[in-house]
Every structure is written in C-alpha cells, then in structure tokens.
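See below for data17.tsv, which holds TSV, N, CA and C atoms.
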chain	number	residue	atom	x	y	z
A	270	MET	N	-7.22	-17.57	60.65
A	270	MET	CA	-7.85	-18.19	59.50
A	270	MET	C	-8.47	-17.14	58.59
A	271	LEU	N	-9.20	-16.20	59.16
A	271	LEU	CA	-9.85	-15.15	58.37
A	271	LEU	C	-8.80	-14.28	57.69
A	272	LYS	N	-7.67	-14.03	58.36
A	272	LYS	CA	-6.60	-13.24	57.76
A	272	LYS	C	-6.03	-13.95	56.53
A	273	LYS	N	-5.89	-15.27	56.59
A	273	LYS	CA	-5.37	-16.02	55.44
A	273	LYS	C	-6.31	-15.93	54.25
A	274	ILE	N	-7.61	-16.02	54.49
A	274	ILE	CA	-8.59	-15.93	53.41
A	274	ILE	C	-8.56	-14.54	52.78
A	275	ILE	N	-8.54	-13.52	53.60
A	275	ILE	CA	-8.50	-12.14	53.09
A	275	ILE	C	-7.22	-11.91	52.31
A	276	PHE	N	-6.09	-12.38	52.84
A	276	PHE	CA	-4.81	-12.23	52.14
A	276	PHE	C	-4.84	-12.95	50.78
A	277	SER	N	-5.41	-14.16	50.75
A	277	SER	CA	-5.50	-14.92	49.50
A	277	SER	C	-6.37	-14.21	48.48
A	278	LEU	N	-7.51	-13.71	48.89
A	278	LEU	CA	-8.40	-12.98	47.97
A	278	LEU	C	-7.74	-11.71	47.45
A	279	THR	N	-7.04	-11.02	48.30
A	279	THR	CA	-6.34	-9.80	47.89
A	279	THR	C	-5.26	-10.12	46.86
A	280	ALA	N	-4.54	-11.19	47.07
A	280	ALA	CA	-3.49	-11.60	46.14
A	280	ALA	C	-4.08	-11.97	44.78
A	281	VAL	N	-5.18	-12.69	44.78
A	281	VAL	CA	-5.83	-13.08	43.52
A	281	VAL	C	-6.33	-11.84	42.79
A	282	MET	N	-6.92	-10.91	43.50
A	282	MET	CA	-7.41	-9.67	42.86
A	282	MET	C	-6.24	-8.86	42.29
A	283	ALA	N	-5.16	-8.78	42.99
A	283	ALA	CA	-3.99	-8.03	42.51
A	283	ALA	C	-3.43	-8.67	41.24
A	284	LEU	N	-3.32	-9.97	41.21
A	284	LEU	CA	-2.83	-10.66	40.01
A	284	LEU	C	-3.78	-10.46	38.83
A	285	SER	N	-5.07	-10.47	39.11
A	285	SER	CA	-6.05	-10.24	38.04
A	285	SER	C	-5.89	-8.85	37.44
A	286	LEU	N	-5.66	-7.86	38.28
A	286	LEU	CA	-5.45	-6.49	37.79
A	286	LEU	C	-4.19	-6.39	36.93
A	287	VAL	N	-3.14	-7.09	37.32
A	287	VAL	CA	-1.90	-7.08	36.54
A	287	VAL	C	-2.14	-7.69	35.16
A	288	VAL	N	-2.85	-8.80	35.11
A	288	VAL	CA	-3.14	-9.47	33.84
A	288	VAL	C	-3.99	-8.57	32.95
A	289	MET	N	-5.01	-7.92	33.50
A	289	MET	CA	-5.86	-7.02	32.71
A	289	MET	C	-5.07	-5.83	32.20
A	290	ALA	N	-4.17	-5.31	33.00
A	290	ALA	CA	-3.35	-4.17	32.58
A	290	ALA	C	-2.43	-4.57	31.43
A	291	GLN	N	-1.88	-5.77	31.47
A	291	GLN	CA	-1.01	-6.25	30.39
A	291	GLN	C	-1.79	-6.39	29.09
A	292	ASP	N	-3.02	-6.90	29.14
A	292	ASP	CA	-3.86	-7.03	27.95
A	292	ASP	C	-4.15	-5.66	27.35
A	293	ALA	N	-4.48	-4.69	28.17
A	293	ALA	CA	-4.78	-3.35	27.68
A	293	ALA	C	-3.52	-2.70	27.09
A	294	LYS	N	-2.39	-2.94	27.68
A	294	LYS	CA	-1.13	-2.38	27.21
A	294	LYS	C	-0.70	-2.99	25.89
A	295	GLY	N	-1.10	-4.23	25.63
A	295	GLY	CA	-0.71	-4.94	24.42
A	295	GLY	C	-1.44	-4.49	23.18
A	296	GLY	N	-2.38	-3.56	23.27
A	296	GLY	CA	-3.08	-3.04	22.11
A	296	GLY	C	-4.12	-3.99	21.55
A	297	LYS	N	-4.67	-4.82	22.37
A	297	LYS	CA	-5.67	-5.78	21.89
A	297	LYS	C	-7.02	-5.09	21.81
A	298	ASP	N	-7.83	-5.53	20.84
A	298	ASP	CA	-9.16	-4.96	20.70
A	298	ASP	C	-10.14	-5.73	21.58
A	299	ALA	N	-11.42	-5.43	21.43
A	299	ALA	CA	-12.44	-6.02	22.28
A	299	ALA	C	-12.50	-7.54	22.16
A	300	LYS	N	-12.13	-8.09	21.00
A	300	LYS	CA	-12.17	-9.53	20.81
A	300	LYS	C	-10.86	-10.19	21.22
A	301	GLY	N	-9.86	-9.39	21.60
A	301	GLY	CA	-8.60	-9.95	22.08
A	301	GLY	C	-7.59	-10.21	20.99
A	302	ALA	N	-7.82	-9.75	19.78
A	302	ALA	CA	-6.87	-9.98	18.70
A	302	ALA	C	-6.14	-8.68	18.37
A	303	LYS	N	-4.85	-8.81	18.12
A	303	LYS	CA	-4.06	-7.62	17.79
A	303	LYS	C	-4.33	-7.21	16.36
A	304	GLY	N	-4.19	-5.91	16.11
A	304	GLY	CA	-4.30	-5.39	14.76
A	304	GLY	C	-2.93	-5.41	14.11
A	305	ASP	N	-2.58	-6.49	13.44
A	305	ASP	CA	-1.28	-6.63	12.80
A	305	ASP	C	-1.31	-6.07	11.39
A	306	GLU	N	-0.13	-5.74	10.86
A	306	GLU	CA	-0.02	-5.26	9.49
A	306	GLU	C	0.24	-6.44	8.56
A	307	HIS	N	-0.49	-6.46	7.46
A	307	HIS	CA	-0.36	-7.50	6.44
A	307	HIS	C	-0.18	-6.81	5.09
A	308	THR	N	0.62	-7.40	4.21
A	308	THR	CA	0.81	-6.86	2.88
A	308	THR	C	0.37	-7.89	1.86
A	309	GLY	N	-0.49	-7.45	0.94
A	309	GLY	CA	-1.01	-8.36	-0.07
A	309	GLY	C	-1.87	-7.62	-1.06
A	310	PHE	N	-2.81	-8.34	-1.66
A	310	PHE	CA	-3.65	-7.80	-2.72
A	310	PHE	C	-5.12	-7.79	-2.30
A	311	ILE	N	-5.85	-6.81	-2.80
A	311	ILE	CA	-7.30	-6.79	-2.64
A	311	ILE	C	-7.87	-7.36	-3.93
A	312	VAL	N	-8.67	-8.40	-3.79
A	312	VAL	CA	-9.22	-9.07	-4.97
A	312	VAL	C	-10.62	-9.58	-4.61
A	313	ASP	N	-11.42	-9.80	-5.65
A	313	ASP	CA	-12.75	-10.37	-5.41
A	313	ASP	C	-12.64	-11.89	-5.31
A	314	LYS	N	-13.59	-12.49	-4.62
A	314	LYS	CA	-13.57	-13.94	-4.40
A	314	LYS	C	-13.61	-14.69	-5.73
A	315	HIS	N	-14.42	-14.20	-6.66
A	315	HIS	CA	-14.59	-14.86	-7.96
A	315	HIS	C	-13.26	-15.03	-8.68
A	316	CYS	N	-12.38	-14.04	-8.61
A	316	CYS	CA	-11.10	-14.06	-9.34
A	316	CYS	C	-9.90	-14.45	-8.48
A	317	SER	N	-10.14	-14.82	-7.23
A	317	SER	CA	-9.03	-15.10	-6.31
A	317	SER	C	-8.24	-16.35	-6.66
A	318	ALA	N	-8.80	-17.21	-7.51
A	318	ALA	CA	-8.09	-18.43	-7.88
A	318	ALA	C	-7.16	-18.20	-9.07
A	319	GLY	N	-7.24	-17.01	-9.69
A	319	GLY	CA	-6.41	-16.72	-10.86
A	319	GLY	C	-5.11	-16.04	-10.50
A	320	ASP	N	-4.57	-15.30	-11.47
A	320	ASP	CA	-3.32	-14.56	-11.30
A	320	ASP	C	-3.60	-13.26	-10.55
A	321	VAL	N	-3.59	-13.34	-9.24
A	321	VAL	CA	-3.99	-12.22	-8.39
A	321	VAL	C	-3.07	-11.00	-8.58
A	322	ALA	N	-1.78	-11.21	-8.75
A	322	ALA	CA	-0.82	-10.11	-8.88
A	322	ALA	C	-1.07	-9.27	-10.13
A	323	ASN	N	-1.67	-9.86	-11.16
A	323	ASN	CA	-1.95	-9.12	-12.39
A	323	ASN	C	-3.44	-8.89	-12.60
A	324	HIS	N	-4.21	-9.05	-11.55
A	324	HIS	CA	-5.65	-8.86	-11.63
A	324	HIS	C	-5.96	-7.37	-11.71
A	325	GLY	N	-6.82	-6.97	-12.61
A	325	GLY	CA	-7.14	-5.55	-12.80
A	325	GLY	C	-8.16	-5.04	-11.80
A	326	LYS	N	-7.97	-3.80	-11.38
A	326	LYS	CA	-8.92	-3.22	-10.43
A	326	LYS	C	-10.28	-3.00	-11.08
A	327	GLY	N	-10.30	-2.79	-12.40
A	327	GLY	CA	-11.57	-2.63	-13.11
A	327	GLY	C	-12.43	-3.87	-12.99
A	328	CYS	N	-11.79	-5.02	-13.06
A	328	CYS	CA	-12.51	-6.29	-12.91
A	328	CYS	C	-13.04	-6.42	-11.48
A	329	ALA	N	-12.17	-6.18	-10.50
A	329	ALA	CA	-12.56	-6.33	-9.09
A	329	ALA	C	-13.71	-5.40	-8.72
A	330	LEU	N	-13.76	-4.22	-9.37
A	330	LEU	CA	-14.81	-3.24	-9.07
A	330	LEU	C	-16.05	-3.41	-9.95
A	331	SER	N	-16.03	-4.39	-10.86
A	331	SER	CA	-17.20	-4.62	-11.71
A	331	SER	C	-18.34	-5.20	-10.88
A	332	ALA	N	-19.55	-5.04	-11.36
A	332	ALA	CA	-20.74	-5.47	-10.62
A	332	ALA	C	-20.70	-6.97	-10.28
A	333	ASP	N	-20.35	-7.81	-11.26
A	333	ASP	CA	-20.33	-9.25	-11.01
A	333	ASP	C	-19.31	-9.64	-9.95
A	334	CYS	N	-18.12	-9.07	-10.05
A	334	CYS	CA	-17.07	-9.42	-9.08
A	334	CYS	C	-17.36	-8.84	-7.70
A	335	MET	N	-17.95	-7.66	-7.64
A	335	MET	CA	-18.30	-7.08	-6.34
A	335	MET	C	-19.36	-7.94	-5.64
A	336	LYS	N	-20.24	-8.57	-6.42
A	336	LYS	CA	-21.25	-9.46	-5.82
A	336	LYS	C	-20.60	-10.64	-5.11
A	337	SER	N	-19.48	-11.12	-5.66
A	337	SER	CA	-18.81	-12.27	-5.03
A	337	SER	C	-18.12	-11.87	-3.74
A	338	GLY	N	-17.83	-10.57	-3.58
A	338	GLY	CA	-17.23	-10.07	-2.35
A	338	GLY	C	-15.73	-9.85	-2.44
A	339	LEU	N	-15.28	-8.74	-1.87
A	339	LEU	CA	-13.85	-8.44	-1.85
A	339	LEU	C	-13.19	-9.14	-0.67
A	340	GLY	N	-11.92	-9.44	-0.86
A	340	GLY	CA	-11.15	-10.07	0.21
A	340	GLY	C	-9.69	-9.71	0.09
A	341	PHE	N	-8.90	-10.24	1.01
A	341	PHE	CA	-7.47	-9.95	1.06
A	341	PHE	C	-6.72	-11.23	0.71
A	342	TYR	N	-5.78	-11.10	-0.22
A	342	TYR	CA	-4.99	-12.24	-0.69
A	342	TYR	C	-3.55	-12.05	-0.23
A	343	GLU	N	-3.11	-12.98	0.62
A	343	GLU	CA	-1.76	-12.90	1.19
A	343	GLU	C	-1.21	-14.30	1.33
A	344	ASN	N	0.04	-14.49	0.88
A	344	ASN	CA	0.72	-15.79	1.00
A	344	ASN	C	-0.11	-16.95	0.43
A	345	GLY	N	-0.74	-16.71	-0.71
A	345	GLY	CA	-1.49	-17.77	-1.38
A	345	GLY	C	-2.84	-18.07	-0.79
A	346	LYS	N	-3.32	-17.24	0.12
A	346	LYS	CA	-4.60	-17.50	0.78
A	346	LYS	C	-5.53	-16.29	0.65
A	347	PHE	N	-6.79	-16.57	0.28
A	347	PHE	CA	-7.82	-15.54	0.18
A	347	PHE	C	-8.67	-15.56	1.45
A	348	THR	N	-8.85	-14.38	2.06
A	348	THR	CA	-9.72	-14.24	3.22
A	348	THR	C	-10.71	-13.11	2.93
A	349	PRO	N	-12.01	-13.40	2.94
A	349	PRO	CA	-12.98	-12.35	2.64
A	349	PRO	C	-13.00	-11.26	3.71
A	350	PHE	N	-13.26	-10.02	3.28
A	350	PHE	CA	-13.42	-8.93	4.22
A	350	PHE	C	-14.81	-8.98	4.83
A	351	GLU	N	-14.92	-8.53	6.07
A	351	GLU	CA	-16.25	-8.34	6.63
A	351	GLU	C	-16.82	-7.04	6.02
A	352	THR	N	-18.07	-6.74	6.23
A	352	THR	CA	-18.79	-5.68	5.51
A	352	THR	C	-18.11	-4.31	5.57
A	353	LYS	N	-17.77	-3.82	6.75
A	353	LYS	CA	-17.14	-2.49	6.86
A	353	LYS	C	-15.76	-2.47	6.21
A	354	SER	N	-15.03	-3.55	6.36
A	354	SER	CA	-13.69	-3.64	5.76
A	354	SER	C	-13.77	-3.68	4.25
A	355	ALA	N	-14.82	-4.32	3.71
A	355	ALA	CA	-15.01	-4.36	2.26
A	355	ALA	C	-15.23	-2.96	1.71
A	356	THR	N	-15.89	-2.11	2.47
A	356	THR	CA	-16.09	-0.72	2.06
A	356	THR	C	-14.76	0.02	2.02
A	357	LEU	N	-13.90	-0.22	3.03
A	357	LEU	CA	-12.56	0.38	3.04
A	357	LEU	C	-11.73	-0.13	1.86
A	358	ALA	N	-11.85	-1.41	1.57
A	358	ALA	CA	-11.10	-2.02	0.47
A	358	ALA	C	-11.53	-1.46	-0.87
A	359	LYS	N	-12.83	-1.29	-1.06
A	359	LYS	CA	-13.34	-0.72	-2.30
A	359	LYS	C	-12.81	0.70	-2.50
A	360	ALA	N	-12.83	1.49	-1.43
A	360	ALA	CA	-12.31	2.86	-1.51
A	360	ALA	C	-10.83	2.88	-1.84
A	361	ALA	N	-10.07	1.95	-1.26
A	361	ALA	CA	-8.62	1.87	-1.52
A	361	ALA	C	-8.36	1.49	-2.97
A	362	LEU	N	-9.15	0.54	-3.50
A	362	LEU	CA	-9.00	0.16	-4.91
A	362	LEU	C	-9.34	1.33	-5.83
A	363	GLU	N	-10.41	2.03	-5.53
A	363	GLU	CA	-10.83	3.17	-6.36
A	363	GLU	C	-9.78	4.27	-6.34
A	364	LYS	N	-9.12	4.46	-5.22
A	364	LYS	CA	-8.11	5.51	-5.06
A	364	LYS	C	-6.79	5.15	-5.77
A	365	SER	N	-6.51	3.86	-5.91
A	365	SER	CA	-5.25	3.41	-6.50
A	365	SER	C	-5.10	3.91	-7.93
A	366	LYS	N	-3.88	4.34	-8.26
A	366	LYS	CA	-3.58	4.79	-9.61
A	366	LYS	C	-3.14	3.64	-10.50
A	367	LYS	N	-2.85	2.50	-9.88
A	367	LYS	CA	-2.43	1.31	-10.64
A	367	LYS	C	-3.66	0.54	-11.10
A	368	ASP	N	-3.65	0.13	-12.37
A	368	ASP	CA	-4.75	-0.68	-12.87
A	368	ASP	C	-4.56	-2.14	-12.49
A	369	LYS	N	-3.30	-2.58	-12.40
A	369	LYS	CA	-2.99	-3.97	-12.06
A	369	LYS	C	-1.81	-4.02	-11.09
A	370	GLY	N	-1.82	-5.03	-10.24
A	370	GLY	CA	-0.67	-5.30	-9.39
A	370	GLY	C	-0.50	-4.41	-8.17
A	371	ALA	N	-1.51	-3.65	-7.82
A	371	ALA	CA	-1.40	-2.79	-6.63
A	371	ALA	C	-1.39	-3.65	-5.37
A	372	GLN	N	-0.41	-3.40	-4.50
A	372	GLN	CA	-0.36	-4.10	-3.22
A	372	GLN	C	-0.80	-3.12	-2.12
A	373	PHE	N	-1.36	-3.70	-1.07
A	373	PHE	CA	-1.89	-2.89	0.01
A	373	PHE	C	-1.40	-3.39	1.35
A	374	LYS	N	-1.17	-2.44	2.25
A	374	LYS	CA	-0.83	-2.76	3.64
A	374	LYS	C	-2.13	-2.62	4.42
A	375	VAL	N	-2.56	-3.72	5.00
A	375	VAL	CA	-3.83	-3.75	5.71
A	375	VAL	C	-3.56	-4.01	7.19
A	376	THR	N	-4.09	-3.15	8.03
A	376	THR	CA	-3.97	-3.33	9.48
A	376	THR	C	-5.26	-3.95	9.97
A	377	GLY	N	-5.15	-5.09	10.62
A	377	GLY	CA	-6.34	-5.76	11.12
A	377	GLY	C	-6.06	-7.18	11.55
A	378	HIS	N	-7.13	-7.96	11.62
A	378	HIS	CA	-7.02	-9.35	12.06
A	378	HIS	C	-8.16	-10.16	11.46
A	379	VAL	N	-8.05	-11.47	11.58
A	379	VAL	CA	-9.10	-12.36	11.11
A	379	VAL	C	-9.96	-12.77	12.30
A	380	ALA	N	-11.27	-12.63	12.12
A	380	ALA	CA	-12.22	-13.05	13.14
A	380	ALA	C	-13.40	-13.74	12.46
A	381	ASP	N	-13.74	-14.91	12.93
A	381	ASP	CA	-14.86	-15.68	12.36
A	381	ASP	C	-14.73	-15.88	10.86
A	382	GLY	N	-13.51	-16.09	10.39
A	382	GLY	CA	-13.27	-16.38	8.99
A	382	GLY	C	-13.26	-15.18	8.06
A	383	HIS	N	-13.39	-13.97	8.62
A	383	HIS	CA	-13.39	-12.75	7.81
A	383	HIS	C	-12.29	-11.80	8.29
A	384	PHE	N	-11.70	-11.09	7.33
A	384	PHE	CA	-10.66	-10.13	7.67
A	384	PHE	C	-11.33	-8.84	8.16
A	385	VAL	N	-10.98	-8.41	9.35
A	385	VAL	CA	-11.50	-7.17	9.94
A	385	VAL	C	-10.37	-6.15	9.87
A	386	ALA	N	-10.52	-5.17	8.98
A	386	ALA	CA	-9.46	-4.18	8.76
A	386	ALA	C	-9.83	-2.85	9.40
A	387	SER	N	-8.82	-2.23	10.00
A	387	SER	CA	-9.03	-0.89	10.56
A	387	SER	C	-8.39	0.17	9.66
A	388	LYS	N	-7.45	-0.25	8.80
A	388	LYS	CA	-6.75	0.69	7.93
A	388	LYS	C	-6.23	-0.04	6.70
A	389	ILE	N	-6.41	0.59	5.53
A	389	ILE	CA	-5.90	0.02	4.28
A	389	ILE	C	-5.20	1.11	3.52
A	390	VAL	N	-3.89	0.89	3.22
A	390	VAL	CA	-3.07	1.87	2.52
A	390	VAL	C	-2.33	1.16	1.39
A	391	GLU	N	-2.30	1.78	0.21
A	391	GLU	CA	-1.56	1.18	-0.89
A	391	GLU	C	-0.06	1.27	-0.63
A	392	VAL	N	0.64	0.19	-0.89
A	392	VAL	CA	2.09	0.16	-0.74
A	392	VAL	C	2.68	0.97	-1.89
A	393	GLY	N	3.47	1.97	-1.56
A	393	GLY	CA	4.05	2.83	-2.59
A	393	GLY	C	3.07	3.87	-3.09
A	394	GLY	N	1.86	3.88	-2.56
A	394	GLY	CA	0.86	4.87	-2.95
A	394	GLY	C	1.02	6.16	-2.16
A	395	GLU	N	0.17	7.11	-2.46
A	395	GLU	CA	0.27	8.39	-1.75
A	395	GLU	C	-0.68	8.49	-0.62
As structure tokens, what does this structure read like?
Amino acid sequence: MLKKIIFSLTAVMALSLVVMAQDAKGGKDAKGAKGDEHTGFIVDKHCSAGDVANHGKGCALSADCMKSGLGFYENGKFTPFETKSATLAKAALEKSKKDKGAQFKVTGHVADGHFVASKIVEVGGE
C-alpha cells in the first residue's frame, strides 16, 4: 500500500515537472502570455476614432493628445499602452521619419486591457 502511494506521488511530481518545463520552453512571461508580434499604428486615444492610417505624428505627440494616452491600433481596434510601453511608443514615434502613416511592429501582449510591449520597431524603418 505504501509503495502505491509513493509511486503515485512520484508520478504526479514527474508530470508536474514536464508541464512546467513545457511552459518555460514556450517563451511565456511571468503572467503566462506569449510576446507575439503585431503590426499596426501608434496613435493617441483622442484621435483613434479617426483616420488612423493618415494620422500625423505631430498630433499624436502634442500635449493634448499625449494626455489622452498612446495606444496601439490594429485590425480596427485601439488598445492603450501601459505606462512603460507608452514610453517606448513615444520614442518610436519621435524616431520615425514619416510624418503620417508610419506602421510599427510591436512585440508584446494584452494584459488587463492594456498593451504590454517589450519591443517597438517601425516597419520599413531603420
């Protein structure tokens, strides 16, 4: 009887280790979400309902629009950036040589309704 219990516990522990190893191998972060690549536009919330593809970076970087918060616009949906990601987005917009229509490849995920980005690079940029 004791051997069966020990064998069962050992089997459960071994399976648990396999599952944990698969999660770590899958590139998941601490919250369990993968950092996927997304392509879209960086825009402020205030102007996200307009023509996002032709939205000027000067407008997005203006004081009024920055107050509304930067976010990522992809497939017709606006998702606000969390604080650190908004800083990355602002830097990417400032670096862009395009005044309008710049697209960005953003690596990250959505958590608690905010886009958490680890990397933002302009598509076709340097």
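Distance annotation: of A:Lys369, A:His378, A:Met270, A:Glu306, the residue with the minimal separation from Gly327 of chain A is A:Lys369; atom set is only N, CA and C atoms.
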Neighbour list for Ala361 of chain A as a VMD selection string, cut-off 12 Å, only C-alpha atoms, skip fewer than 4 positions in-chain: chain A and resid 310 to 312 326 329 to 330 339 354 to 357 365 to 367 371 to 375 386 388 to 392 394 to 395
Expected residue set, 7 Å radius at (-12.8, -11.5, -7.1), only C-alpha atoms, as a list in words: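 Answer for this query, in the requested form: Val312, Asp313, Lys314, His315, Cys316, Ser317, Ala329, Cys334, Ser337, Gly338 and Leu339 of chain A.
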Using only C-alpha atoms: which of A:Gly382, A:Asp368, A:Asn323, A:Ala358 has the shortest distance to Phe341 of chain A: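 Distance minimum relative to Phe341 of chain A lands on A:Ala358.
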Point-to-point distance from atom N of Gly309 of chain A to atom C of Gly370 of chain A, Å rounded to tenths: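 One can read the atom N of Gly309 of chain A to atom C of Gly370 of chain A distance as 9.6 Å.
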Between atom C of Ala318 of chain A and atom C of Thr348 of chain A, distance in Å (one decimal):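 These atoms are spaced 13.5 Å apart.
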For atom N of Gly340 of chain A and atom N of Gly393 of chain A, the interatomic separation in Å (one decimal): 19.2 Å
